[in-house]
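In what follows, a single structure is set out as structure tokens and then discussed.
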Amino acid sequence: MSIGFRVRPRVSADKALVTGFDGVPTSIASDNMGRLFAGGCGLRPLHRGGALLGTAFTVRTRPGDNLMVHKAIDMAEPGDVVVVDAGGDLTNAIIGEIMLSIAARRGLAGFVIDGAVRDTDHIGASSLPVYARGVSHRGPYKDGPGELNGPVSVGGMPVMPGDIILGDADGILAIPQADAAEVARLSRAQMARERAILDSIADGTIDRSWVDATLKARGCSL
């Protein structure tokens with residue numbers, strides 16, 4: 001295989017690693033990854049609503065070209081998230097209604113496009129998660145080059161094939177498989193703590209003394 005036209009095998013993930021993030025908000029998972037990882041505020045959900053959760057099937061492509069994205073849709077398996085590093089360019093759309101319809105039929109979990117999409121009426125009415133940097137009505141080229149299942153970067157966030165991709169209204173997060181079980185465990189513990197805080201707000205027993213204590217510890221006179 002020549003550089004620029006590489007099709008590497010799909011990388012799978014244990015189903016338990018993926019389902020461990022069912023119902024986990026991206027904000028909570030992000031807190032438990034040191035708040036160092038994020039897909040950038042420019043990658044926004046364009047679909048009707050609903051969480052994104054699946055395994056990264058990565059694509060690196062020339063800006064404005066979707067030949068390798070077509071190949072990714074054909075190779076990806078149910079539950080995969082097609083993550084496309086298109087250089088953040090917004091000149092030409094990388095995907096639209098036809099490609100998304102094929103992907104939905106194949107059971108793919110969704111798309112993350114560091115580039116543009118089109119047919120946003122269709123995307124906005126669909127439950128198939130689509131995150132993108134922007135919109136362009138101009139269609140793509142289909143010449144290549146491009147590479148599948150190698151390291152990519154979307155919105156400044158590194159993504160490796162097989163990473164767990166988590167997305168909601170706040171954005172997207174890539175979680176390395178080696179860290180996934182621990183991040184899920186810590187996230188669920190934080191969710192339990194936050195539920196207890198919300199309960200204390202509701203019943204009027206919340207303790208806010210930590211605010212003044214922190215200010216005093218920083219040298220603030222109250």
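Ordered as shown in the structure tokens, chains take letters A, B, and onward, while each chain numbers its residues from 1 and ligands are numbered from 1 in the order shown.
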| said: Could you list, as a PyMOL selection string, every residue within 9 Å of Arg188 of chain A, counting only C-alpha atoms and ignoring same-chain residues fewer than 4 positions away? | reply: chain A and resi 21+24+28-29+183-184+192-193
For those residues, write all heavy atoms to a file as a PDB file, in the first residue's frame.
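What ended up in result_29.pdb:
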ATOM      1  N   PHE A  21     -20.324   3.082  28.915  1.00  0.00           N
ATOM      2  CA  PHE A  21     -20.562   4.526  28.847  1.00  0.00           C
ATOM      3  C   PHE A  21     -22.014   4.864  28.526  1.00  0.00           C
ATOM      4  O   PHE A  21     -22.329   6.040  28.303  1.00  0.00           O
ATOM      5  CB  PHE A  21     -19.617   5.168  27.837  1.00  0.00           C
ATOM      6  CG  PHE A  21     -18.202   5.229  28.317  1.00  0.00           C
ATOM      7  CD1 PHE A  21     -17.306   4.206  28.018  1.00  0.00           C
ATOM      8  CD2 PHE A  21     -17.771   6.278  29.113  1.00  0.00           C
ATOM      9  CE1 PHE A  21     -16.009   4.244  28.478  1.00  0.00           C
ATOM     10  CE2 PHE A  21     -16.468   6.324  29.581  1.00  0.00           C
ATOM     11  CZ  PHE A  21     -15.582   5.300  29.267  1.00  0.00           C
ATOM     12  N   VAL A  24     -23.630   8.033  30.172  1.00  0.00           N
ATOM     13  CA  VAL A  24     -22.604   8.899  30.771  1.00  0.00           C
ATOM     14  C   VAL A  24     -22.485  10.179  29.959  1.00  0.00           C
ATOM     15  O   VAL A  24     -22.203  10.125  28.756  1.00  0.00           O
ATOM     16  CB  VAL A  24     -21.243   8.185  30.831  1.00  0.00           C
ATOM     17  CG1 VAL A  24     -20.160   9.133  31.341  1.00  0.00           C
ATOM     18  CG2 VAL A  24     -21.319   6.948  31.715  1.00  0.00           C
ATOM     19  N   ILE A  28     -19.048  14.601  32.193  1.00  0.00           N
ATOM     20  CA  ILE A  28     -18.580  13.774  33.307  1.00  0.00           C
ATOM     21  C   ILE A  28     -17.359  12.962  32.898  1.00  0.00           C
ATOM     22  O   ILE A  28     -16.358  12.879  33.630  1.00  0.00           O
ATOM     23  CB  ILE A  28     -19.704  12.844  33.787  1.00  0.00           C
ATOM     24  CG1 ILE A  28     -20.907  13.654  34.288  1.00  0.00           C
ATOM     25  CG2 ILE A  28     -19.194  11.897  34.860  1.00  0.00           C
ATOM     26  CD1 ILE A  28     -20.667  14.433  35.541  1.00  0.00           C
ATOM     27  N   ALA A  29     -17.421  12.336  31.722  1.00  0.00           N
ATOM     28  CA  ALA A  29     -16.262  11.575  31.248  1.00  0.00           C
ATOM     29  C   ALA A  29     -15.058  12.484  31.080  1.00  0.00           C
ATOM     30  O   ALA A  29     -13.918  12.108  31.417  1.00  0.00           O
ATOM     31  CB  ALA A  29     -16.598  10.872  29.935  1.00  0.00           C
ATOM     32  N   VAL A 183     -12.158   5.079  33.261  1.00  0.00           N
ATOM     33  CA  VAL A 183     -12.924   6.317  33.055  1.00  0.00           C
ATOM     34  C   VAL A 183     -14.415   6.069  33.303  1.00  0.00           C
ATOM     35  O   VAL A 183     -15.098   6.888  33.926  1.00  0.00           O
ATOM     36  CB  VAL A 183     -12.692   6.880  31.642  1.00  0.00           C
ATOM     37  CG1 VAL A 183     -13.615   8.073  31.373  1.00  0.00           C
ATOM     38  CG2 VAL A 183     -11.239   7.303  31.463  1.00  0.00           C
ATOM     39  N   ALA A 184     -14.922   4.938  32.843  1.00  0.00           N
ATOM     40  CA  ALA A 184     -16.336   4.621  33.072  1.00  0.00           C
ATOM     41  C   ALA A 184     -16.622   4.466  34.564  1.00  0.00           C
ATOM     42  O   ALA A 184     -17.632   4.963  35.076  1.00  0.00           O
ATOM     43  CB  ALA A 184     -16.715   3.350  32.321  1.00  0.00           C
ATOM     44  N   ALA A 192     -23.057   9.542  40.659  1.00  0.00           N
ATOM     45  CA  ALA A 192     -23.743   9.276  41.922  1.00  0.00           C
ATOM     46  C   ALA A 192     -23.571  10.444  42.888  1.00  0.00           C
ATOM     47  O   ALA A 192     -24.531  10.857  43.571  1.00  0.00           O
ATOM     48  CB  ALA A 192     -23.207   7.987  42.546  1.00  0.00           C
ATOM     49  N   ARG A 193     -22.353  10.999  42.950  1.00  0.00           N
ATOM     50  CA  ARG A 193     -22.129  12.155  43.824  1.00  0.00           C
ATOM     51  C   ARG A 193     -22.968  13.340  43.394  1.00  0.00           C
ATOM     52  O   ARG A 193     -23.551  14.059  44.226  1.00  0.00           O
ATOM     53  CB  ARG A 193     -20.641  12.539  43.824  1.00  0.00           C
ATOM     54  CG  ARG A 193     -19.713  11.511  44.462  1.00  0.00           C
ATOM     55  CD  ARG A 193     -18.337  12.092  44.713  1.00  0.00           C
ATOM     56  NE  ARG A 193     -17.687  12.578  43.512  1.00  0.00           N
ATOM     57  CZ  ARG A 193     -16.938  11.833  42.706  1.00  0.00           C
ATOM     58  NH1 ARG A 193     -16.778  10.533  42.958  1.00  0.00           N
ATOM     59  NH2 ARG A 193     -16.348  12.353  41.651  1.00  0.00           N
TER      60      ARG A 193
END
| said: Give me, as number ranges by chain, all polymer residues having an atom no more than 9 Å from Ile164 of chain A, counting only C-alpha atoms and skipping those fewer than 2 positions away in the same chain. | reply: A: 13, 17-18, 21, 53-56, 81, 161-162, 166, 173-177, 180
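Nearest to Arg118 of chain A of all the residues A:Asp89, A:Glu97, A:Glu194, A:Ala104 is A:Glu97, counting only C-alpha atoms.
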| task | DSSP on the backbone, then: every residue of segment 23-175 of chain A marked strand (DSSP E or B), written as a ChimeraX atom specification. | result | /A:44-45,52-61,65,80-85,93-95,110-117,130-135,141,146-148,152-154,157-159,164-168,171-175
| remark: Between atom CA of Gly64 of chain A and atom CA of Gly139 of chain A lies a distance of 8.0 Å
| In segment 27-189 of chain A, what's helix (DSSP H, G or I) per DSSP? Answer as a ChimeraX atom specification? | /A:27-31,67-75,97-106,120-125,177-189
Next, the residues of the selection above should be written as a compact mmCIF listing (two decimals), in the first residue's frame with N, CA and C atoms.
# COMPACT_ATOMS: atom_id res chain seq x y z
N SER A 27 -19.51 15.56 29.61
CA SER A 27 -18.89 16.44 30.61
C SER A 27 -18.33 15.64 31.78
N ILE A 28 -19.05 14.60 32.19
CA ILE A 28 -18.58 13.77 33.31
C ILE A 28 -17.36 12.96 32.90
N ALA A 29 -17.42 12.34 31.72
CA ALA A 29 -16.26 11.57 31.25
C ALA A 29 -15.06 12.48 31.08
N SER A 30 -15.28 13.68 30.58
CA SER A 30 -14.19 14.65 30.39
C SER A 30 -13.55 15.02 31.72
N ASP A 31 -14.37 15.23 32.76
CA ASP A 31 -13.83 15.54 34.08
C ASP A 31 -12.88 14.45 34.55
N LEU A 67 -13.66 9.99 -1.13
CA LEU A 67 -13.50 8.65 -1.65
C LEU A 67 -13.30 7.64 -0.52
N MET A 68 -12.40 7.95 0.41
CA MET A 68 -12.11 7.02 1.49
C MET A 68 -13.24 6.95 2.51
N VAL A 69 -14.07 7.97 2.58
CA VAL A 69 -15.23 7.91 3.46
C VAL A 69 -16.24 6.90 2.92
N HIS A 70 -16.39 6.86 1.60
CA HIS A 70 -17.23 5.82 0.99
C HIS A 70 -16.71 4.43 1.35
N LYS A 71 -15.40 4.24 1.25
CA LYS A 71 -14.82 2.95 1.59
C LYS A 71 -15.03 2.62 3.06
N ALA A 72 -14.93 3.63 3.91
CA ALA A 72 -15.14 3.42 5.34
C ALA A 72 -16.56 2.94 5.62
N ILE A 73 -17.55 3.54 4.95
CA ILE A 73 -18.94 3.13 5.15
C ILE A 73 -19.13 1.67 4.74
N ASP A 74 -18.45 1.27 3.69
CA ASP A 74 -18.56 -0.13 3.24
C ASP A 74 -17.87 -1.10 4.19
N MET A 75 -16.80 -0.66 4.85
CA MET A 75 -16.03 -1.54 5.73
C MET A 75 -16.52 -1.54 7.17
N GLU A 97 -27.05 13.20 2.37
CA GLU A 97 -28.15 12.29 2.64
C GLU A 97 -27.92 10.87 2.14
N ILE A 98 -27.38 10.72 0.93
CA ILE A 98 -27.22 9.37 0.38
C ILE A 98 -26.26 8.54 1.21
N MET A 99 -25.10 9.10 1.52
CA MET A 99 -24.12 8.36 2.32
C MET A 99 -24.66 8.06 3.72
N LEU A 100 -25.35 9.02 4.31
CA LEU A 100 -25.90 8.81 5.64
C LEU A 100 -26.99 7.74 5.62
N SER A 101 -27.76 7.69 4.55
CA SER A 101 -28.79 6.66 4.44
C SER A 101 -28.19 5.27 4.34
N ILE A 102 -27.10 5.14 3.58
CA ILE A 102 -26.40 3.86 3.50
C ILE A 102 -25.86 3.47 4.88
N ALA A 103 -25.26 4.42 5.57
CA ALA A 103 -24.69 4.15 6.88
C ALA A 103 -25.76 3.73 7.88
N ALA A 104 -26.91 4.41 7.85
CA ALA A 104 -28.00 4.05 8.76
C ALA A 104 -28.49 2.64 8.47
N ARG A 105 -28.60 2.31 7.19
CA ARG A 105 -29.03 0.97 6.81
C ARG A 105 -28.06 -0.10 7.31
N ARG A 106 -26.78 0.22 7.36
CA ARG A 106 -25.75 -0.72 7.80
C ARG A 106 -25.59 -0.75 9.32
N THR A 120 -28.63 19.25 5.33
CA THR A 120 -28.85 19.40 6.76
C THR A 120 -30.32 19.26 7.15
N ASP A 121 -31.26 19.46 6.22
CA ASP A 121 -32.66 19.17 6.54
C ASP A 121 -32.82 17.70 6.87
N HIS A 122 -32.18 16.85 6.08
CA HIS A 122 -32.22 15.40 6.33
C HIS A 122 -31.53 15.07 7.65
N ILE A 123 -30.34 15.64 7.87
CA ILE A 123 -29.60 15.36 9.10
C ILE A 123 -30.40 15.81 10.32
N GLY A 124 -30.99 16.99 10.23
CA GLY A 124 -31.73 17.54 11.35
C GLY A 124 -32.99 16.76 11.70
N ALA A 125 -33.52 16.01 10.74
CA ALA A 125 -34.71 15.19 10.99
C ALA A 125 -34.35 13.76 11.39
N GLN A 177 -9.05 2.81 24.53
CA GLN A 177 -9.52 1.57 25.12
C GLN A 177 -8.80 1.25 26.43
N ALA A 178 -7.51 1.55 26.49
CA ALA A 178 -6.73 1.23 27.70
C ALA A 178 -7.25 1.96 28.93
N ASP A 179 -7.91 3.11 28.72
CA ASP A 179 -8.40 3.92 29.83
C ASP A 179 -9.90 3.76 30.05
N ALA A 180 -10.60 3.09 29.14
CA ALA A 180 -12.05 3.14 29.10
C ALA A 180 -12.69 2.60 30.38
N ALA A 181 -12.28 1.44 30.85
CA ALA A 181 -12.92 0.84 32.03
C ALA A 181 -12.77 1.75 33.25
N GLU A 182 -11.58 2.32 33.44
CA GLU A 182 -11.36 3.19 34.59
C GLU A 182 -12.14 4.50 34.45
N VAL A 183 -12.16 5.08 33.26
CA VAL A 183 -12.92 6.32 33.06
C VAL A 183 -14.42 6.07 33.30
N ALA A 184 -14.92 4.94 32.84
CA ALA A 184 -16.34 4.62 33.07
C ALA A 184 -16.62 4.47 34.56
N ARG A 185 -15.74 3.78 35.29
CA ARG A 185 -15.93 3.59 36.73
C ARG A 185 -15.93 4.92 37.47
N LEU A 186 -14.95 5.75 37.18
CA LEU A 186 -14.86 7.06 37.84
C LEU A 186 -16.05 7.95 37.47
N SER A 187 -16.49 7.85 36.21
CA SER A 187 -17.61 8.68 35.75
C SER A 187 -18.90 8.31 36.48
N ARG A 188 -19.14 7.03 36.65
CA ARG A 188 -20.36 6.60 37.33
C ARG A 188 -20.32 6.98 38.81
N ALA A 189 -19.14 6.95 39.42
CA ALA A 189 -19.02 7.40 40.81
C ALA A 189 -19.32 8.90 40.91
